[in-house]
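**Q** Got final_31.tsv for you, TSV, C-alpha atoms:
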chain	number	residue	atom	x	y	z
B	757	MET	CA	0.00	0.00	0.00
B	758	ILE	CA	1.29	3.46	-0.95
B	759	GLY	CA	0.01	6.68	0.62
B	760	TRP	CA	0.03	9.87	-1.43
B	761	TYR	CA	-0.59	13.42	-0.24
B	762	VAL	CA	-1.83	15.86	-2.92
B	763	HIS	CA	-1.66	19.56	-2.07
B	764	HIS	CA	-4.84	21.48	-2.77
B	765	HIS	CA	-3.30	24.59	-4.38
B	766	GLY	CA	-4.17	24.51	-8.07
B	767	TRP	CA	-4.53	21.27	-10.02
B	768	GLY	CA	-0.90	20.54	-10.82
B	769	HIS	CA	-0.22	18.22	-7.88
B	770	MET	CA	-3.30	16.13	-8.70
B	771	THR	CA	-2.41	16.03	-12.39
B	772	ARG	CA	1.07	14.76	-11.56
B	773	MET	CA	-0.35	11.99	-9.37
B	774	GLN	CA	-2.78	10.99	-12.13
B	775	ALA	CA	0.08	10.77	-14.64
B	776	ILE	CA	2.24	8.57	-12.40
B	777	ARG	CA	-0.48	6.37	-10.85
B	778	PRO	CA	-1.04	4.04	-13.87
B	779	HIS	CA	2.63	3.00	-13.69
B	780	LEU	CA	2.39	1.81	-10.07
B	781	GLY	CA	1.47	-1.77	-9.33
B	782	ASP	CA	0.62	-1.22	-5.66
B	783	GLU	CA	-2.65	0.01	-4.19
B	784	VAL	CA	-2.66	3.77	-3.61
B	785	THR	CA	-4.61	5.87	-1.12
B	786	VAL	CA	-4.64	9.59	-1.88
B	787	PHE	CA	-5.11	12.24	0.82
B	788	SER	CA	-6.11	15.76	-0.19
B	789	SER	CA	-8.37	18.67	0.63
B	790	LEU	CA	-9.43	18.60	-3.01
B	791	PRO	CA	-12.67	16.83	-3.88
B	792	GLU	CA	-12.38	13.37	-5.36
B	793	PRO	CA	-11.98	13.51	-9.15
B	794	GLY	CA	-14.65	12.06	-11.40
B	795	SER	CA	-12.68	8.89	-12.08
B	796	LEU	CA	-9.82	7.09	-10.38
B	797	PRO	CA	-7.68	4.20	-11.57
B	798	PRO	CA	-8.45	0.76	-10.11
B	799	GLU	CA	-7.17	0.09	-6.59
B	800	THR	CA	-7.02	3.83	-5.86
B	801	VAL	CA	-8.86	5.31	-2.87
B	802	TRP	CA	-9.44	9.03	-2.31
B	803	VAL	CA	-9.62	10.41	1.24
B	804	GLN	CA	-10.79	14.02	1.34
B	805	LEU	CA	-9.19	15.85	4.23
B	806	PRO	CA	-10.78	18.74	6.14
B	807	SER	CA	-9.45	22.22	5.46
B	808	ASP	CA	-6.73	23.60	7.71
B	809	SER	CA	-7.29	27.23	6.72
B	810	ASP	CA	-10.96	27.89	7.53
B	811	ALA	CA	-11.88	30.50	10.11
B	812	VAL	CA	-12.50	29.06	13.58
B	813	VAL	CA	-15.08	30.18	16.14
B	814	GLY	CA	-13.51	30.09	19.60
B	815	PRO	CA	-15.11	29.55	23.02
B	816	ASP	CA	-15.66	33.30	23.21
B	817	GLY	CA	-17.83	33.13	20.08
B	818	VAL	CA	-15.35	35.18	18.04
B	819	SER	CA	-14.43	33.96	14.56
B	820	ARG	CA	-10.70	34.05	13.84
B	821	GLU	CA	-8.73	33.26	10.72
B	822	ALA	CA	-6.24	30.41	11.01
B	823	HIS	CA	-3.24	32.74	10.93
B	824	GLU	CA	-4.72	34.70	13.84
B	825	LEU	CA	-4.62	31.70	16.18
B	826	GLY	CA	-0.88	32.11	16.84
B	827	ASP	CA	2.45	31.46	15.19
B	828	VAL	CA	1.59	29.15	12.28
B	829	THR	CA	5.27	28.53	11.45
B	830	ALA	CA	6.49	27.34	14.88
B	831	GLY	CA	9.22	29.95	14.92
B	832	GLY	CA	10.05	29.53	11.24
B	833	THR	CA	10.50	25.75	11.47
B	834	LEU	CA	7.31	24.89	9.55
B	835	HIS	CA	5.25	26.46	6.76
B	836	TRP	CA	1.74	25.97	8.15
B	837	ALA	CA	0.69	24.56	11.52
B	838	PRO	CA	-2.07	26.75	12.97
B	839	LEU	CA	-2.45	26.42	16.73
B	840	GLY	CA	-5.63	24.76	17.99
B	841	HIS	CA	-7.19	24.51	14.53
B	842	PRO	CA	-9.64	21.56	14.45
B	843	GLY	CA	-9.24	21.02	10.70
B	844	HIS	CA	-5.46	20.93	10.92
B	845	GLN	CA	-5.60	18.46	13.79
B	846	ALA	CA	-8.21	16.27	12.08
B	847	ARG	CA	-6.33	16.01	8.76
B	848	LEU	CA	-3.11	14.89	10.41
B	849	ALA	CA	-5.03	12.49	12.65
B	850	ALA	CA	-6.73	10.96	9.59
B	851	ILE	CA	-3.37	10.22	7.97
B	852	ALA	CA	-1.92	8.82	11.20
B	853	GLU	CA	-4.97	6.59	11.76
B	854	TRP	CA	-4.74	5.24	8.21
B	855	VAL	CA	-1.04	4.41	8.61
B	856	ALA	CA	-1.76	2.68	11.90
B	857	ILE	CA	-4.31	0.38	10.22
B	858	HIS	CA	-2.71	-0.19	6.79
B	859	PRO	CA	0.82	-1.58	6.32
B	860	THR	CA	2.36	1.23	4.29
B	861	SER	CA	5.37	0.61	2.05
B	862	ALA	CA	5.91	4.26	1.10
B	863	PHE	CA	4.29	7.68	1.39
B	864	VAL	CA	4.58	10.23	-1.42
B	865	VAL	CA	4.22	13.86	-0.33
B	866	ASP	CA	3.41	16.43	-3.05
B	867	VAL	CA	3.88	18.74	-1.27
B	868	SER	CA	3.89	19.53	2.46
B	869	VAL	CA	6.73	19.74	4.93
B	870	GLU	CA	4.31	18.99	7.75
B	871	VAL	CA	2.99	15.78	6.14
B	872	THR	CA	6.56	14.71	5.35
B	873	ILE	CA	7.43	15.10	9.03
B	874	LEU	CA	4.31	13.21	10.12
B	875	ALA	CA	4.90	10.28	7.76
B	876	ARG	CA	8.53	9.94	8.79
B	877	LEU	CA	7.63	10.15	12.50
B	878	LEU	CA	5.19	7.29	11.88
B	879	GLY	CA	8.09	5.24	10.55
B	880	VAL	CA	6.98	5.20	6.90
B	881	PRO	CA	9.53	5.49	4.06
B	882	THR	CA	8.84	8.93	2.65
B	883	ILE	CA	9.23	10.46	-0.81
B	884	SER	CA	9.15	14.25	-1.07
B	885	VAL	CA	8.44	15.90	-4.43
B	886	ALA	CA	10.82	18.78	-5.10
B	887	GLN	CA	9.82	22.06	-6.77
B	888	PRO	CA	11.69	24.79	-8.63
B	889	GLY	CA	12.52	28.11	-7.01
B	890	ASP	CA	14.44	29.08	-3.92
B	891	ARG	CA	13.63	26.31	-1.44
B	892	THR	CA	16.57	26.93	0.89
B	893	ASP	CA	14.38	28.11	3.78
B	894	ALA	CA	14.44	26.12	7.02
B	895	PRO	CA	11.13	24.22	6.51
B	896	HIS	CA	12.09	23.00	3.04
B	897	ARG	CA	15.53	21.96	4.24
B	898	LEU	CA	13.95	20.04	7.11
B	899	GLY	CA	11.53	18.26	4.78
B	900	TYR	CA	14.32	17.27	2.39
B	901	ASP	CA	16.49	16.09	5.29
B	902	LEU	CA	13.72	13.78	6.53
B	903	ALA	CA	12.76	12.37	3.12
B	904	ASP	CA	14.15	8.94	2.21
B	905	ARG	CA	13.86	9.88	-1.47
B	906	ILE	CA	13.44	13.22	-3.23
B	907	LEU	CA	11.59	13.08	-6.54
B	908	ALA	CA	12.71	15.89	-8.85
B	909	PRO	CA	10.23	16.22	-11.75
B	910	TRP	CA	12.74	17.75	-14.14
B	911	ALA	CA	15.61	16.56	-16.30
B	912	PRO	CA	19.07	16.36	-14.71
B	913	GLY	CA	20.98	19.59	-15.11
B	914	THR	CA	18.02	21.77	-16.07
B	915	ILE	CA	16.71	23.24	-12.78
B	916	PRO	CA	19.39	24.69	-10.47
B	917	ALA	CA	17.92	23.39	-7.19
B	918	LYS	CA	20.24	24.78	-4.51
B	919	ALA	CA	18.19	23.19	-1.74
B	920	LEU	CA	19.11	19.71	-3.02
B	921	VAL	CA	22.87	20.27	-2.86
B	922	GLY	CA	24.37	17.72	-0.48
B	923	ARG	CA	21.34	15.47	-0.82
B	924	GLU	CA	22.09	14.13	-4.31
B	925	ASP	CA	22.26	10.50	-3.16
B	926	ARG	CA	18.53	10.60	-2.42
B	927	VAL	CA	17.44	12.66	-5.44
B	928	ARG	CA	15.84	11.00	-8.45
B	929	SER	CA	15.56	13.41	-11.41
B	930	VAL	CA	13.05	11.78	-13.71
B	931	GLY	CA	12.27	14.49	-16.30
B	932	ALA	CA	9.21	16.70	-16.61
B	933	ILE	CA	5.97	14.79	-16.02
B	934	SER	CA	3.12	15.35	-18.47
B	935	ARG	CA	-0.28	13.68	-18.61
B	936	TYR	CA	0.15	13.64	-22.40
B	937	ASP	CA	3.41	11.71	-22.49
B	938	GLY	CA	3.24	9.20	-25.31
B	939	ARG	CA	0.04	10.56	-26.82
B	940	ALA	CA	0.15	10.89	-30.59
B	941	ARG	CA	0.05	14.42	-31.93
B	942	THR	CA	-3.11	15.12	-33.86
B	943	ASP	CA	-3.21	17.62	-36.72
B	944	ALA	CA	-6.63	16.56	-37.98
B	945	ASP	CA	-8.22	19.93	-37.26
B	946	ALA	CA	-5.24	22.03	-38.26
B	947	ASP	CA	-5.08	24.17	-41.37
B	948	ASP	CA	-1.50	24.90	-42.46
B	949	ASP	CA	-2.58	28.30	-43.77
B	950	VAL	CA	-4.09	29.38	-40.45
B	951	ARG	CA	-2.01	30.88	-37.64
B	952	ARG	CA	-3.47	29.78	-34.33
B	953	VAL	CA	-2.52	30.95	-30.86
B	954	LEU	CA	-3.72	29.16	-27.73
B	955	PHE	CA	-3.86	30.97	-24.39
B	956	LEU	CA	-3.43	28.21	-21.84
B	957	GLY	CA	-4.46	28.95	-18.27
B	958	LEU	CA	-4.29	32.32	-16.53
B	959	ALA	CA	-1.19	33.68	-18.21
B	960	LEU	CA	-2.82	37.12	-18.68
B	961	ASP	CA	-5.46	38.99	-16.72
B	962	PRO	CA	-8.85	39.34	-18.47
B	963	VAL	CA	-8.33	42.95	-19.58
B	964	ARG	CA	-4.93	42.40	-21.20
B	965	LEU	CA	-6.09	39.10	-22.67
B	966	ALA	CA	-8.96	40.88	-24.41
B	967	GLN	CA	-6.63	43.61	-25.69
B	968	THR	CA	-4.05	41.07	-26.88
B	969	ARG	CA	-6.75	39.02	-28.54
B	970	GLU	CA	-7.99	42.07	-30.42
B	971	LEU	CA	-4.49	42.83	-31.75
B	972	LEU	CA	-3.96	39.23	-32.83
B	973	SER	CA	-7.33	38.99	-34.57
B	974	ALA	CA	-6.57	42.18	-36.48
B	975	ASP	CA	-3.30	40.57	-37.59
B	976	GLY	CA	-5.06	37.46	-38.91
B	977	TRP	CA	-4.50	35.07	-36.03
B	978	VAL	CA	-7.17	32.64	-34.82
B	979	VAL	CA	-7.26	32.89	-31.03
B	980	GLU	CA	-8.31	29.99	-28.79
B	981	THR	CA	-8.34	29.76	-24.99
B	982	ALA	CA	-8.38	26.98	-22.41
B	983	GLY	CA	-8.71	27.90	-18.75
B	984	ALA	CA	-7.93	31.53	-19.49
B	985	GLY	CA	-11.40	32.79	-18.50
B	986	THR	CA	-14.34	31.91	-16.32
B	987	ASP	CA	-16.18	29.59	-18.72
B	988	ASP	CA	-13.54	28.08	-20.99
B	989	ARG	CA	-12.16	25.23	-18.88
B	990	VAL	CA	-11.13	22.31	-21.11
B	991	ASP	CA	-10.46	18.91	-19.55
B	992	ASP	CA	-8.48	17.65	-22.53
B	993	VAL	CA	-6.40	20.42	-24.13
B	994	TRP	CA	-4.30	18.07	-26.27
B	995	PRO	CA	-6.14	18.75	-29.56
B	996	LEU	CA	-5.79	22.50	-28.96
B	997	LEU	CA	-2.09	22.13	-28.12
B	998	SER	CA	-1.50	19.98	-31.18
B	999	ARG	CA	-2.93	22.43	-33.70
B	1000	ALA	CA	-1.68	25.69	-32.17
B	1001	THR	CA	1.03	27.57	-34.00
B	1002	VAL	CA	2.02	29.20	-30.69
B	1003	VAL	CA	0.92	28.57	-27.12
B	1004	VAL	CA	0.92	31.31	-24.46
B	1005	SER	CA	1.19	29.83	-20.98
B	1006	ALA	CA	2.17	30.53	-17.40
B	1007	ALA	CA	5.33	28.84	-16.15
B	1008	GLY	CA	3.84	26.11	-13.96
B	1009	GLN	CA	5.58	22.74	-14.03
B	1010	ASN	CA	2.66	20.81	-15.51
B	1011	SER	CA	1.88	23.41	-18.16
B	1012	ILE	CA	5.50	23.46	-19.33
B	1013	ALA	CA	5.63	19.66	-19.35
B	1014	ASP	CA	2.53	19.62	-21.56
B	1015	LEU	CA	4.17	22.12	-23.92
B	1016	ALA	CA	7.18	19.84	-24.14
B	1017	ALA	CA	5.00	16.79	-24.82
B	1018	ALA	CA	3.34	18.69	-27.69
B	1019	ASP	CA	6.68	20.04	-28.98
B	1020	ALA	CA	5.05	23.45	-28.91
B	1021	ARG	CA	6.35	26.87	-29.87
B	1022	ALA	CA	5.62	28.91	-26.78
B	1023	VAL	CA	5.49	32.25	-25.02
B	1024	VAL	CA	5.82	31.85	-21.27
B	1025	ILE	CA	4.67	34.47	-18.75
B	1026	ALA	CA	5.85	33.74	-15.21
B	1027	GLN	CA	3.27	34.39	-12.50
B	1028	GLU	CA	3.97	35.51	-8.93
B	1029	ARG	CA	4.32	32.38	-6.82
B	1030	PRO	CA	5.87	31.53	-3.46
B	1031	PHE	CA	9.63	30.99	-3.67
B	1032	ASP	CA	9.71	32.44	-7.23
B	1033	GLU	CA	9.19	29.01	-8.77
B	1034	GLN	CA	7.70	30.31	-12.01
B	1035	LYS	CA	10.33	33.02	-12.46
B	1036	GLU	CA	13.02	30.37	-12.04
B	1037	MET	CA	11.29	28.15	-14.58
B	1038	ALA	CA	11.06	31.02	-17.08
B	1039	ARG	CA	14.78	31.78	-16.68
B	1040	VAL	CA	15.65	28.15	-17.38
B	1041	LEU	CA	13.41	28.01	-20.46
B	1042	ALA	CA	14.95	31.18	-21.86
B	1043	ALA	CA	18.48	29.92	-21.19
B	1044	HIS	CA	17.78	26.71	-23.12
B	1045	GLY	CA	16.03	28.56	-25.95
B	1046	LEU	CA	12.82	26.65	-25.38
B	1047	ALA	CA	10.37	29.55	-25.18
B	1048	GLN	CA	9.97	33.26	-25.54
B	1049	THR	CA	9.53	34.80	-22.10
B	1050	VAL	CA	7.89	38.09	-21.19
B	1051	ALA	CA	7.26	39.80	-17.88
B	1052	ALA	CA	3.98	39.37	-16.04
B	1053	ASP	CA	3.19	43.04	-16.63
B	1054	ALA	CA	4.02	43.00	-20.34
B	1055	SER	CA	1.82	45.12	-22.58
B	1056	PRO	CA	-0.49	43.47	-25.14
B	1057	ALA	CA	1.79	44.74	-27.91
B	1058	GLU	CA	4.81	43.09	-26.25
B	1059	VAL	CA	2.92	39.82	-25.94
B	1060	VAL	CA	1.96	39.93	-29.61
B	1061	ASP	CA	5.58	40.60	-30.62
B	1062	SER	CA	6.69	37.61	-28.55
B	1063	ILE	CA	4.07	35.41	-30.23
B	1064	ARG	CA	5.37	36.42	-33.64
B	1065	ARG	CA	8.96	35.59	-32.60
B	1066	ALA	CA	7.89	32.27	-31.12
B	1067	ALA	CA	6.21	31.28	-34.39
B	1068	ASP	CA	9.62	31.41	-36.11
B	1069	THR	CA	11.41	29.17	-33.58
B	1070	ALA	CA	12.05	25.43	-33.48
B	1071	PRO	CA	12.61	24.54	-29.80
B	1072	ARG	CA	14.36	21.29	-28.93
B	1073	TRP	CA	12.11	20.05	-26.14
B	1074	ASP	CA	13.89	16.71	-25.91
B	1075	VAL	CA	16.16	18.27	-23.27
B	1076	TRP	CA	13.10	18.39	-20.99
B	1077	GLN	CA	12.94	14.56	-21.03
B	1078	VAL	CA	9.17	14.16	-20.90
B	1079	SER	CA	9.17	10.80	-22.67
B	1080	GLY	CA	8.93	8.05	-20.05
B	1081	SER	CA	9.12	10.45	-17.10
B	1082	ALA	CA	5.98	9.21	-15.33
B	1083	ALA	CA	7.22	5.63	-15.55
B	1084	ARG	CA	10.61	6.70	-14.17
B	1085	ALA	CA	8.87	8.48	-11.29
B	1086	ALA	CA	6.88	5.33	-10.52
B	1087	ALA	CA	10.07	3.28	-10.58
B	1088	ALA	CA	11.68	5.67	-8.08
B	1089	ILE	CA	8.67	5.28	-5.77
B	1090	GLU	CA	8.68	1.51	-6.05
B	1091	GLU	CA	12.43	1.43	-5.48
B	1092	LEU	CA	11.81	2.82	-2.02
B	1093	ALA	CA	8.58	0.88	-1.40
B	1094	ARG	CA	10.37	-2.44	-1.96
Go ahead and express the file in the form of structure tokens.
**A**
Amino acid sequence: MIGWYVHHHGWGHMTRMQAIRPHLGDEVTVFSSLPEPGSLPPETVWVQLPSDSDAVVGPDGVSREAHELGDVTAGGTLHWAPLGHPGHQARLAAIAEWVAIHPTSAFVVDVSVEVTILARLLGVPTISVAQPGDRTDAPHRLGYDLADRILAPWAPGTIPAKALVGREDRVRSVGAISRYDGRARTDADADDDVRRVLFLGLALDPVRLAQTRELLSADGWVVETAGAGTDDRVDDVWPLLSRATVVVSAAGQNSIADLAAADARAVVIAQERPFDEQKEMARVLAAHGLAQTVAADASPAEVVDSIRRAADTAPRWDVWQVSGSAARAAAAIEELAR
């Protein structure tokens, strides 16, 4: 039995689990504050955890936010451990109770320093998923120190992860993990005479997206979006990725992995994130010549210029090592589980 913690921020952590899960032979129980997805692979159980960030009504009848209950970082040792928060206590208790009942061969944590600590204290071999950006703060260092394995979802030599220096014997760099790895590219809907640009996710705010779209349409581009607005969520973006001349995307790990799987010409706009993970990703992409990069506050005209430049490039995405990455990640997990 393998335990797997999926962080609730965004959908990237869940998507990564879903890409790796089919390559694992063991049963998997997933813990997350996210609701259970519509379908799960066989022998996969989803345990929805209570929130640890809701406001709490105290004995005095006053409602307080989680961060108002006291020092949530335990003096800078942790990232999030609100004092006396029922949801925080219940979620950790649920994991501990499950481990006590089920013989657990390994626990994958993507990502939480606190859950890494809990799993290791319970005597379970623990795999921590690394992330780009500056992770040299005390909580990250503690989590990496306690992990029996560190799964780095990038190709060796691409992401300069300073926090992993000195821990290389436990690091497994498997390449970027995409849900579309191995899927055949489809050009059935493409027209070679049509220039198409796909805005993937929230790379631009609604106002600048509308202005950029207007400029592109005036220049003869066909503009498509997926997850860039309030009503354009697309569960399967592969056909849109396959036929796009250029894709405009934020610099999240999963989005970039999908671009690599599609061998896409791209413009990448790094968003503000903790620990500057997207800015770091954008710097790496630019250094390898894999994408045009523009600042988060770039004007619509600057974005359009970058799209035009991207259309004339031929990036070599093989350096990102998407092919077989999910299987390599599963092998790293099973290496520890056995």
**Q** So which residues fall inside 12 Å of (19.3, 28.3, -22.4) if we count all atoms listed in the file? Mind giving them as a PyMOL selection string?
**A** chain B and resi 913-915+1037-1049+1071-1073+1075-1076
**Q** Name the closest residue to Glu980 of chain B among the candidates B:His779, B:Arg952, B:Arg928, B:Arg964; distances are taken between atoms, counting all atoms listed in the file.
**A** B:Arg952
**Q** Determine, for each residue of segment 833-906 of chain B having at least one atom at most 12 Å from an atom of segment 788-794 of chain B, the closest pair of atoms and their separation in Å to one decimal, counting all atoms listed in the file; order by chain and ascending number, as JSON lines.
**A**
{"residue": "B:Gly843", "atom": "CA", "partner": "B:Ser789", "partner_atom": "CA", "distance": 10.4}
{"residue": "B:His844", "atom": "CA", "partner": "B:Ser789", "partner_atom": "CA", "distance": 10.9}
{"residue": "B:Ala846", "atom": "CA", "partner": "B:Ser789", "partner_atom": "CA", "distance": 11.7}
{"residue": "B:Arg847", "atom": "CA", "partner": "B:Ser789", "partner_atom": "CA", "distance": 8.8}
{"residue": "B:Leu848", "atom": "CA", "partner": "B:Ser788", "partner_atom": "CA", "distance": 11.1}
{"residue": "B:Ala850", "atom": "CA", "partner": "B:Ser788", "partner_atom": "CA", "distance": 10.9}
{"residue": "B:Ile851", "atom": "CA", "partner": "B:Ser788", "partner_atom": "CA", "distance": 10.2}
{"residue": "B:Val865", "atom": "CA", "partner": "B:Ser788", "partner_atom": "CA", "distance": 10.5}
{"residue": "B:Asp866", "atom": "CA", "partner": "B:Ser788", "partner_atom": "CA", "distance": 10.0}
{"residue": "B:Val867", "atom": "CA", "partner": "B:Ser788", "partner_atom": "CA", "distance": 10.5}
{"residue": "B:Ser868", "atom": "CA", "partner": "B:Ser788", "partner_atom": "CA", "distance": 11.0}
{"residue": "B:Val871", "atom": "CA", "partner": "B:Ser788", "partner_atom": "CA", "distance": 11.1}
**Q** Tell me which residues come within 10 Å of (-2.6, 31.6, 18.5), as a list in words, counting all atoms listed in the file in the file's coordinates.
**A**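 Looking at atoms near the point gives Arg820, Ala822, His823, Glu824, Leu825, Gly826, Asp827, Val828, Pro838, Leu839, Gly840 and His841 of chain B.
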**Q** Using all atoms listed in the file, determine which residues lie at most 12 Å from Trp994 of chain B, disregarding the query and same-chain residues fewer than 6 positions distant; provide the list as a list in words.
**A**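 Residues meeting the cut-off are Ser934, Arg935, Tyr936, Asp937, Gly938, Arg939, Ala940, Arg941, Thr942, Asp943, Asp945, Leu954, Leu956, Ala982, Ala1000, Val1003, Ser1011, Asp1014, Leu1015, Ala1016, Ala1017, Ala1018, Asp1019 and Ala1020 of chain B.
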**Q** Of the candidates B:Ala856, B:Ala1057, B:Val801, B:Val864, which shows the shortest atom-to-atom distance to Trp760 of chain B, using all atoms listed in the file?
**A**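 Looking only at the distances to Trp760 of chain B, the closest residue turns out to be B:Val864.
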**Q** Any idea what the distance is between atom CA of Ala919 of chain B and atom CA of Arg891 of chain B?
**A**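 Atom CA of Arg891 of chain B lies 5.5 Å from atom CA of Ala919 of chain B.
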**Q** When you draw a straight line from atom CA of Asp975 of chain B to atom CA of Arg1065 of chain B, how long is it in Å?
**A**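 Taking atom CA of Asp975 of chain B and atom CA of Arg1065 of chain B, their separation equals 14.1 Å.
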**Q** Which one of B:Ala932, B:Val762, B:Ala862, B:Ala974 sits closest to Ile1012 of chain B if you count only C-alpha atoms?
**A** B:Ala932
**Q** Tell me, in Å to one decimal, how far atom CA of His896 of chain B is from atom CA of Leu834 of chain B.
**A**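 Atom-to-atom, atom CA of His896 of chain B and atom CA of Leu834 of chain B are spaced 8.3 Å apart.
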**Q** Can you pull out the residues contacting Thr785 of chain B? Cut-off 10 Å, using only C-alpha atoms, and skip same-chain residues under 5 positions away; I want them as a ChimeraX atom specification.
**A** /B:757-761,799-803,854,860,863
**Q** Which one is closest to Gln1009 of chain B: B:Ala903, B:Ala886, B:Leu997, B:Val880? Count all atoms listed in the file.
**A**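 Answer, going by the shortest atom-to-atom distance: B:Ala886.
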**Q** Name the residues in contact with Glu870 of chain B at a cut-off of 9 Å, using all atoms listed in the file, excluding same-chain residues fewer than 5 positions from it; report them as a CSV table (one decimal) with C-alpha atoms, in the coordinates of the input.
**A**
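This went into part.csv:
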chain,number,residue,atom,x,y,z
B,834,LEU,CA,7.3,24.9,9.6
B,835,HIS,CA,5.2,26.5,6.8
B,836,TRP,CA,1.7,26.0,8.2
B,837,ALA,CA,0.7,24.6,11.5
B,848,LEU,CA,-3.1,14.9,10.4
B,875,ALA,CA,4.9,10.3,7.8
B,895,PRO,CA,11.1,24.2,6.5
B,899,GLY,CA,11.5,18.3,4.8
**Q** Using only C-alpha atoms, which of B:Glu853, B:Glu1090, B:Asp1053, B:Glu783 sits nearest Ala959 of chain B?
**A** B:Asp1053
**Q** Looking at B:Leu965, B:His769, B:Arg1064, B:Ser795, which one is nearest to Gly1008 of chain B, with distances taken over only C-alpha atoms?
**A** B:His769
